[in-house]
2 protein chains.
Amino acid sequence: MNKVITIGREFGSGGRELAKRLSELLGYAYYDKEIVSEIAKRTSLAENYVKQVIEHSPRLYFPSTTGRTLHAHTIGSDYMIHHHATIYAEQANVLREMADTSDCIIVGRCADYILRDREPLRLFVYADMDAKVARCRARDPEEELSDKALRKKIKRVDRNRAKYYQYYTGKKWGACRNYDLCVNTSSASVEALARMLADLIRGSAAEEARTK
Amino acid sequence: MNKVITIGREFGSGGRELAKRLSELLGYAYYDKEIVSEIAKRTSLAENYVKQVIEHSPRLYFPSTTGRTLHAHTIGSDYMIHHHATIYAEQANVLREMADTSDCIIVGRCADYILRDREPLRLFVYADMDAKVARCRARDPEEELSDKALRKKIKRVDRNRAKYYQYYTGKKWGACRNYDLCVNTSSASVEALARMLADLIRGSAAEEARTK
């Protein structure tokens, strides 16, 4: 069975960078945005649309009130919900094929849950808000949002990730119980963390081989 | 500044064993029950009494109703609350002295919070309920409690730890945000985990020295 590492991550925590570096160090395939492109290809939906749909929990599309004036909105929502289900099903297929192909690292997309029968190493990467704001600024020096607005954005993105995860897995996103290892990047260099995690994973694989 | 590692752990998660093994591998001092003995010595309270007091959150002693019939209970509670404060203050002194003396690993006792100015590496060790029950049975083959009763005991101990932590730190025990690394021992050998964590900590220290 191929080795699978899944990485859940807070926005601005450096989780994606950690995943990329880990994949280079371990020689594992790395999947992140590739998943969305692949789903778009298979469902014949526009990539941007797929991205927009999977960034929101289906629950968000249910109208909070009912009535004639909401009719058009409701019809729109029905489509959205239908697409959500289609996209989620295709996502599961794509992830399984990726895990079948080679050792791999998958960022986000409820991969820890969808691929649970492959017994992935489930990482969650998080950081304090100040560290996340600083990382966002370092990543994009031309970011024009104020600190306050950036914090609001980070909270919004993470809230949507939590809702999406809760909707499809029934579990709490970021609660350590759902992961094997949770890593705080607030006061650590992601580069060094990746090196150490790669050692840990190599050590663990060696250990497994030794005890078999 | 001496290196300090603090370990919060769920009952039955193997956190204490991990701490002991880590201390052997790294050559750090290891403090766990020694803290209670030292507090007892300094406060002239019986060791068992200290243990009993610090295993419960002070909040538990507040009567939920008021009235004459609770008078005796309230007086008893006043003493308990007073002792709680004395013991907590002494605990803080003991922990600081331990951190001043040498590199060390401290299990429980809100050490991550009390020693926050020493920038400890804050670990939290947890496991699934089934794994915790199995570990308790392996640790004590003569345990006479049924599985159901053992689960109840594990939940009770952890609930008290959470309340104690919340009372003194204002933070949620076991929420990954309060730690640097959270480690799930459900499907890992504690011995192997300790070896890997020791490598990680040695690597991190080397990295720190390298970048200074």
# chains A, B, ... in the order shown; residues from 1 in each chain; ligands from 1
>>> calpha_fit_and_write(fixed="chain B", moving="chain A", output="PDB file with C-alpha atoms, in the first residue's frame")
ATOM      1  CA  MET A   1      18.475  29.314  29.486  1.00  0.00           C
ATOM      2  CA  ASN A   2      17.809  25.647  30.199  1.00  0.00           C
ATOM      3  CA  LYS A   3      15.625  23.733  27.777  1.00  0.00           C
ATOM      4  CA  VAL A   4      12.193  22.948  29.152  1.00  0.00           C
ATOM      5  CA  ILE A   5       9.755  20.446  27.682  1.00  0.00           C
ATOM      6  CA  THR A   6       6.247  20.363  29.127  1.00  0.00           C
ATOM      7  CA  ILE A   7       3.951  17.419  28.520  1.00  0.00           C
ATOM      8  CA  GLY A   8       0.196  17.570  28.897  1.00  0.00           C
ATOM      9  CA  ARG A   9      -1.374  14.147  28.532  1.00  0.00           C
ATOM     10  CA  GLU A  10      -4.668  12.341  28.572  1.00  0.00           C
ATOM     11  CA  PHE A  11      -5.068   9.558  31.124  1.00  0.00           C
ATOM     12  CA  GLY A  12      -3.976   6.274  29.524  1.00  0.00           C
ATOM     13  CA  SER A  13      -2.350   7.943  26.509  1.00  0.00           C
ATOM     14  CA  GLY A  14       1.171   6.873  27.493  1.00  0.00           C
ATOM     15  CA  GLY A  15       2.234  10.491  27.973  1.00  0.00           C
ATOM     16  CA  ARG A  16       4.095   9.753  31.185  1.00  0.00           C
ATOM     17  CA  GLU A  17       5.976   6.834  29.613  1.00  0.00           C
ATOM     18  CA  LEU A  18       6.822   9.056  26.651  1.00  0.00           C
ATOM     19  CA  ALA A  19       8.127  11.735  29.025  1.00  0.00           C
ATOM     20  CA  LYS A  20      10.284   9.240  30.931  1.00  0.00           C
ATOM     21  CA  ARG A  21      11.773   7.748  27.777  1.00  0.00           C
ATOM     22  CA  LEU A  22      12.400  11.187  26.292  1.00  0.00           C
ATOM     23  CA  SER A  23      14.202  12.262  29.462  1.00  0.00           C
ATOM     24  CA  GLU A  24      16.435   9.180  29.285  1.00  0.00           C
ATOM     25  CA  LEU A  25      17.209   9.715  25.603  1.00  0.00           C
ATOM     26  CA  LEU A  26      17.917  13.423  25.976  1.00  0.00           C
ATOM     27  CA  GLY A  27      19.513  13.320  29.414  1.00  0.00           C
ATOM     28  CA  TYR A  28      17.008  15.846  30.762  1.00  0.00           C
ATOM     29  CA  ALA A  29      15.694  15.785  34.344  1.00  0.00           C
ATOM     30  CA  TYR A  30      12.193  14.329  34.609  1.00  0.00           C
ATOM     31  CA  TYR A  31       9.569  15.679  36.991  1.00  0.00           C
ATOM     32  CA  ASP A  32       6.136  14.282  37.611  1.00  0.00           C
ATOM     33  CA  LYS A  33       5.143  12.945  41.016  1.00  0.00           C
ATOM     34  CA  GLU A  34       8.260  14.584  42.442  1.00  0.00           C
ATOM     35  CA  ILE A  35       6.430  17.901  42.153  1.00  0.00           C
ATOM     36  CA  VAL A  36       3.689  16.822  44.549  1.00  0.00           C
ATOM     37  CA  SER A  37       6.245  15.482  47.065  1.00  0.00           C
ATOM     38  CA  GLU A  38       8.139  18.747  46.946  1.00  0.00           C
ATOM     39  CA  ILE A  39       5.006  20.846  47.463  1.00  0.00           C
ATOM     40  CA  ALA A  40       3.981  18.664  50.412  1.00  0.00           C
ATOM     41  CA  LYS A  41       7.400  19.153  51.962  1.00  0.00           C
ATOM     42  CA  ARG A  42       7.262  22.923  51.571  1.00  0.00           C
ATOM     43  CA  THR A  43       3.670  23.460  52.693  1.00  0.00           C
ATOM     44  CA  SER A  44       3.776  20.899  55.504  1.00  0.00           C
ATOM     45  CA  LEU A  45       0.631  19.338  54.083  1.00  0.00           C
ATOM     46  CA  ALA A  46       0.323  15.572  53.712  1.00  0.00           C
ATOM     47  CA  GLU A  47       1.380  14.346  50.270  1.00  0.00           C
ATOM     48  CA  ASN A  48      -1.906  12.512  49.767  1.00  0.00           C
ATOM     49  CA  TYR A  49      -3.846  15.623  50.637  1.00  0.00           C
ATOM     50  CA  VAL A  50      -1.840  17.735  48.183  1.00  0.00           C
ATOM     51  CA  LYS A  51      -2.465  15.145  45.500  1.00  0.00           C
ATOM     52  CA  GLN A  52      -6.180  15.128  46.251  1.00  0.00           C
ATOM     53  CA  VAL A  53      -6.422  18.920  46.160  1.00  0.00           C
ATOM     54  CA  ILE A  54      -4.527  19.360  42.901  1.00  0.00           C
ATOM     55  CA  GLU A  55      -6.502  16.683  41.152  1.00  0.00           C
ATOM     56  CA  HIS A  56      -9.623  18.808  41.400  1.00  0.00           C
ATOM     57  CA  SER A  57     -10.492  22.210  40.093  1.00  0.00           C
ATOM     58  CA  PRO A  58     -11.120  24.731  42.883  1.00  0.00           C
ATOM     59  CA  ARG A  59     -14.477  25.465  41.296  1.00  0.00           C
ATOM     60  CA  LEU A  60     -15.652  22.001  42.321  1.00  0.00           C
ATOM     61  CA  TYR A  61     -15.606  23.033  45.941  1.00  0.00           C
ATOM     62  CA  PHE A  62     -18.107  25.847  45.609  1.00  0.00           C
ATOM     63  CA  PRO A  63     -21.462  24.686  46.935  1.00  0.00           C
ATOM     64  CA  SER A  64     -24.091  24.722  44.234  1.00  0.00           C
ATOM     65  CA  THR A  65     -26.767  25.917  46.667  1.00  0.00           C
ATOM     66  CA  THR A  66     -26.551  27.984  49.823  1.00  0.00           C
ATOM     67  CA  GLY A  67     -28.293  27.500  53.132  1.00  0.00           C
ATOM     68  CA  ARG A  68     -27.701  26.528  56.726  1.00  0.00           C
ATOM     69  CA  THR A  69     -27.453  22.850  56.055  1.00  0.00           C
ATOM     70  CA  LEU A  70     -24.457  23.508  53.837  1.00  0.00           C
ATOM     71  CA  HIS A  71     -22.659  25.591  56.440  1.00  0.00           C
ATOM     72  CA  ALA A  72     -20.202  22.904  57.495  1.00  0.00           C
ATOM     73  CA  HIS A  73     -19.525  22.003  53.883  1.00  0.00           C
ATOM     74  CA  THR A  74     -18.888  25.649  53.056  1.00  0.00           C
ATOM     75  CA  ILE A  75     -16.372  26.012  55.837  1.00  0.00           C
ATOM     76  CA  GLY A  76     -14.637  22.900  54.580  1.00  0.00           C
ATOM     77  CA  SER A  77     -14.652  24.369  51.079  1.00  0.00           C
ATOM     78  CA  ASP A  78     -13.090  27.608  52.277  1.00  0.00           C
ATOM     79  CA  TYR A  79     -10.151  25.659  53.611  1.00  0.00           C
ATOM     80  CA  MET A  80      -9.901  23.699  50.409  1.00  0.00           C
ATOM     81  CA  ILE A  81      -9.912  26.867  48.297  1.00  0.00           C
ATOM     82  CA  HIS A  82      -7.322  28.438  50.544  1.00  0.00           C
ATOM     83  CA  HIS A  83      -5.128  25.347  50.233  1.00  0.00           C
ATOM     84  CA  HIS A  84      -5.629  25.334  46.490  1.00  0.00           C
ATOM     85  CA  ALA A  85      -4.187  28.829  46.220  1.00  0.00           C
ATOM     86  CA  THR A  86      -1.287  27.990  48.551  1.00  0.00           C
ATOM     87  CA  ILE A  87      -0.503  24.794  46.694  1.00  0.00           C
ATOM     88  CA  TYR A  88      -0.729  26.442  43.266  1.00  0.00           C
ATOM     89  CA  ALA A  89       1.627  29.232  44.354  1.00  0.00           C
ATOM     90  CA  GLU A  90       4.108  26.713  45.766  1.00  0.00           C
ATOM     91  CA  GLN A  91       3.792  24.621  42.633  1.00  0.00           C
ATOM     92  CA  ALA A  92       4.799  27.631  40.538  1.00  0.00           C
ATOM     93  CA  ASN A  93       7.871  28.152  42.740  1.00  0.00           C
ATOM     94  CA  VAL A  94       8.855  24.490  42.518  1.00  0.00           C
ATOM     95  CA  LEU A  95       8.484  24.441  38.717  1.00  0.00           C
ATOM     96  CA  ARG A  96      10.554  27.597  38.280  1.00  0.00           C
ATOM     97  CA  GLU A  97      13.329  26.203  40.467  1.00  0.00           C
ATOM     98  CA  MET A  98      13.290  22.956  38.501  1.00  0.00           C
ATOM     99  CA  ALA A  99      13.607  24.889  35.215  1.00  0.00           C
ATOM    100  CA  ASP A 100      16.426  26.955  36.750  1.00  0.00           C
ATOM    101  CA  THR A 101      18.371  23.869  37.745  1.00  0.00           C
ATOM    102  CA  SER A 102      18.799  21.998  34.453  1.00  0.00           C
ATOM    103  CA  ASP A 103      17.197  20.994  31.140  1.00  0.00           C
ATOM    104  CA  CYS A 104      14.005  19.239  32.161  1.00  0.00           C
ATOM    105  CA  ILE A 105      10.765  17.547  31.187  1.00  0.00           C
ATOM    106  CA  ILE A 106       7.719  18.326  33.295  1.00  0.00           C
ATOM    107  CA  VAL A 107       4.513  16.310  33.159  1.00  0.00           C
ATOM    108  CA  GLY A 108       1.185  18.079  33.752  1.00  0.00           C
ATOM    109  CA  ARG A 109       0.712  20.765  36.430  1.00  0.00           C
ATOM    110  CA  CYS A 110       0.000  23.624  33.968  1.00  0.00           C
ATOM    111  CA  ALA A 111       3.783  23.809  33.508  1.00  0.00           C
ATOM    112  CA  ASP A 112       3.349  25.017  29.900  1.00  0.00           C
ATOM    113  CA  TYR A 113       1.528  28.054  31.265  1.00  0.00           C
ATOM    114  CA  ILE A 114       3.457  28.633  34.507  1.00  0.00           C
ATOM    115  CA  LEU A 115       6.804  28.474  32.696  1.00  0.00           C
ATOM    116  CA  ARG A 116       5.676  30.329  29.558  1.00  0.00           C
ATOM    117  CA  ASP A 117       8.459  32.927  29.953  1.00  0.00           C
ATOM    118  CA  ARG A 118      10.999  30.075  29.509  1.00  0.00           C
ATOM    119  CA  GLU A 119       9.497  29.317  26.089  1.00  0.00           C
ATOM    120  CA  PRO A 120       9.126  25.601  26.710  1.00  0.00           C
ATOM    121  CA  LEU A 121       8.486  23.078  23.959  1.00  0.00           C
ATOM    122  CA  ARG A 122       4.865  22.288  24.767  1.00  0.00           C
ATOM    123  CA  LEU A 123       3.734  18.764  23.909  1.00  0.00           C
ATOM    124  CA  PHE A 124       0.265  17.286  24.283  1.00  0.00           C
ATOM    125  CA  VAL A 125      -0.137  13.521  24.170  1.00  0.00           C
ATOM    126  CA  TYR A 126      -3.535  11.948  23.458  1.00  0.00           C
ATOM    127  CA  ALA A 127      -5.140   8.802  22.094  1.00  0.00           C
ATOM    128  CA  ASP A 128      -8.465   7.289  21.075  1.00  0.00           C
ATOM    129  CA  MET A 129     -10.565   5.893  23.933  1.00  0.00           C
ATOM    130  CA  ASP A 130     -10.058   2.249  22.845  1.00  0.00           C
ATOM    131  CA  ALA A 131      -6.291   2.720  22.793  1.00  0.00           C
ATOM    132  CA  LYS A 132      -6.394   4.326  26.249  1.00  0.00           C
ATOM    133  CA  VAL A 133      -8.430   1.470  27.702  1.00  0.00           C
ATOM    134  CA  ALA A 134      -6.004  -1.063  26.176  1.00  0.00           C
ATOM    135  CA  ARG A 135      -3.018   0.840  27.567  1.00  0.00           C
ATOM    136  CA  CYS A 136      -4.535   0.982  31.061  1.00  0.00           C
ATOM    137  CA  ARG A 137      -5.102  -2.799  30.956  1.00  0.00           C
ATOM    138  CA  ALA A 138      -1.567  -3.481  29.721  1.00  0.00           C
ATOM    139  CA  ARG A 139      -0.158  -1.225  32.452  1.00  0.00           C
ATOM    140  CA  ASP A 140      -2.138  -2.951  35.174  1.00  0.00           C
ATOM    141  CA  PRO A 141      -3.145  -6.493  34.213  1.00  0.00           C
ATOM    142  CA  GLU A 142      -4.921  -6.816  37.571  1.00  0.00           C
ATOM    143  CA  GLU A 143      -7.226  -3.872  36.910  1.00  0.00           C
ATOM    144  CA  GLU A 144     -10.626  -5.076  38.062  1.00  0.00           C
ATOM    145  CA  LEU A 145     -12.783  -2.386  36.493  1.00  0.00           C
ATOM    146  CA  SER A 146     -15.012  -3.369  33.574  1.00  0.00           C
ATOM    147  CA  ASP A 147     -14.340  -1.667  30.232  1.00  0.00           C
ATOM    148  CA  LYS A 148     -17.347   0.556  30.837  1.00  0.00           C
ATOM    149  CA  ALA A 149     -16.113   1.583  34.290  1.00  0.00           C
ATOM    150  CA  LEU A 150     -12.596   2.132  33.005  1.00  0.00           C
ATOM    151  CA  ARG A 151     -13.882   4.434  30.264  1.00  0.00           C
ATOM    152  CA  LYS A 152     -15.852   6.336  32.891  1.00  0.00           C
ATOM    153  CA  LYS A 153     -12.725   6.681  35.035  1.00  0.00           C
ATOM    154  CA  ILE A 154     -10.621   7.908  32.087  1.00  0.00           C
ATOM    155  CA  LYS A 155     -13.268  10.484  31.220  1.00  0.00           C
ATOM    156  CA  ARG A 156     -13.503  11.631  34.842  1.00  0.00           C
ATOM    157  CA  VAL A 157      -9.743  12.061  35.265  1.00  0.00           C
ATOM    158  CA  ASP A 158      -9.445  13.977  31.984  1.00  0.00           C
ATOM    159  CA  ARG A 159     -12.470  16.130  32.821  1.00  0.00           C
ATOM    160  CA  ASN A 160     -10.793  17.129  36.090  1.00  0.00           C
ATOM    161  CA  ARG A 161      -7.507  17.856  34.320  1.00  0.00           C
ATOM    162  CA  ALA A 162      -9.360  20.034  31.803  1.00  0.00           C
ATOM    163  CA  LYS A 163     -11.164  21.931  34.586  1.00  0.00           C
ATOM    164  CA  TYR A 164      -7.966  22.457  36.545  1.00  0.00           C
ATOM    165  CA  TYR A 165      -6.138  23.742  33.463  1.00  0.00           C
ATOM    166  CA  GLN A 166      -9.039  26.003  32.486  1.00  0.00           C
ATOM    167  CA  TYR A 167      -9.250  27.432  36.012  1.00  0.00           C
ATOM    168  CA  TYR A 168      -5.588  28.384  36.253  1.00  0.00           C
ATOM    169  CA  THR A 169      -4.757  29.264  32.660  1.00  0.00           C
ATOM    170  CA  GLY A 170      -8.097  30.422  31.238  1.00  0.00           C
ATOM    171  CA  LYS A 171      -7.370  28.181  28.274  1.00  0.00           C
ATOM    172  CA  LYS A 172      -8.750  24.939  26.888  1.00  0.00           C
ATOM    173  CA  TRP A 173      -6.804  21.848  27.877  1.00  0.00           C
ATOM    174  CA  GLY A 174      -5.887  19.715  24.853  1.00  0.00           C
ATOM    175  CA  ALA A 175      -6.786  22.385  22.241  1.00  0.00           C
ATOM    176  CA  CYS A 176      -3.873  22.234  19.820  1.00  0.00           C
ATOM    177  CA  ARG A 177      -3.547  26.020  19.777  1.00  0.00           C
ATOM    178  CA  ASN A 178      -2.030  25.873  23.274  1.00  0.00           C
ATOM    179  CA  TYR A 179       0.773  23.476  22.321  1.00  0.00           C
ATOM    180  CA  ASP A 180       3.658  23.273  19.850  1.00  0.00           C
ATOM    181  CA  LEU A 181       3.160  19.637  18.979  1.00  0.00           C
ATOM    182  CA  CYS A 182       0.253  17.283  19.661  1.00  0.00           C
ATOM    183  CA  VAL A 183       0.963  13.583  19.355  1.00  0.00           C
ATOM    184  CA  ASN A 184      -1.604  10.820  18.938  1.00  0.00           C
ATOM    185  CA  THR A 185      -0.333   7.542  20.447  1.00  0.00           C
ATOM    186  CA  SER A 186      -3.292   5.387  19.289  1.00  0.00           C
ATOM    187  CA  SER A 187      -1.464   3.499  16.611  1.00  0.00           C
ATOM    188  CA  ALA A 188       2.148   4.234  17.460  1.00  0.00           C
ATOM    189  CA  SER A 189       4.650   2.622  19.804  1.00  0.00           C
ATOM    190  CA  VAL A 190       5.531   5.074  22.568  1.00  0.00           C
ATOM    191  CA  GLU A 191       9.104   3.792  22.509  1.00  0.00           C
ATOM    192  CA  ALA A 192       9.472   4.588  18.803  1.00  0.00           C
ATOM    193  CA  LEU A 193       7.704   7.921  19.223  1.00  0.00           C
ATOM    194  CA  ALA A 194      10.104   8.885  22.010  1.00  0.00           C
ATOM    195  CA  ARG A 195      13.097   8.031  19.822  1.00  0.00           C
ATOM    196  CA  MET A 196      11.733  10.084  16.966  1.00  0.00           C
ATOM    197  CA  LEU A 197      10.821  13.036  19.173  1.00  0.00           C
ATOM    198  CA  ALA A 198      14.285  12.962  20.737  1.00  0.00           C
ATOM    199  CA  ASP A 199      15.782  13.150  17.227  1.00  0.00           C
ATOM    200  CA  LEU A 200      13.438  15.989  16.400  1.00  0.00           C
ATOM    201  CA  ILE A 201      14.362  17.907  19.560  1.00  0.00           C
ATOM    202  CA  ARG A 202      18.094  17.304  19.059  1.00  0.00           C
ATOM    203  CA  GLY A 203      17.688  18.391  15.425  1.00  0.00           C
ATOM    204  CA  SER A 204      15.820  21.488  16.503  1.00  0.00           C
ATOM    205  CA  ALA A 205      18.514  22.399  19.056  1.00  0.00           C
ATOM    206  CA  ALA A 206      21.201  21.887  16.402  1.00  0.00           C
ATOM    207  CA  GLU A 207      19.192  24.029  13.987  1.00  0.00           C
ATOM    208  CA  GLU A 208      18.882  26.773  16.594  1.00  0.00           C
ATOM    209  CA  ALA A 209      22.616  26.697  17.246  1.00  0.00           C
ATOM    210  CA  ARG A 210      23.298  26.757  13.495  1.00  0.00           C
ATOM    211  CA  THR A 211      21.173  29.836  12.832  1.00  0.00           C
ATOM    212  CA  LYS A 212      22.540  31.821  15.779  1.00  0.00           C
TER     213      LYS A 212
END
>>> select_by_dssp(residues="region 31-180 of chain A", states="strand (DSSP E or B)", output="PyMOL selection string")
chain A and resi 31+104-107+121-126
>>> select_by_dssp(residues="chain A", states="helix (DSSP H, G or I)", output="number ranges by chain")
A: 15-26, 33-43, 47-54, 58-61, 68-101, 111-114, 116-118, 129-139, 147-169, 176-178, 190-211
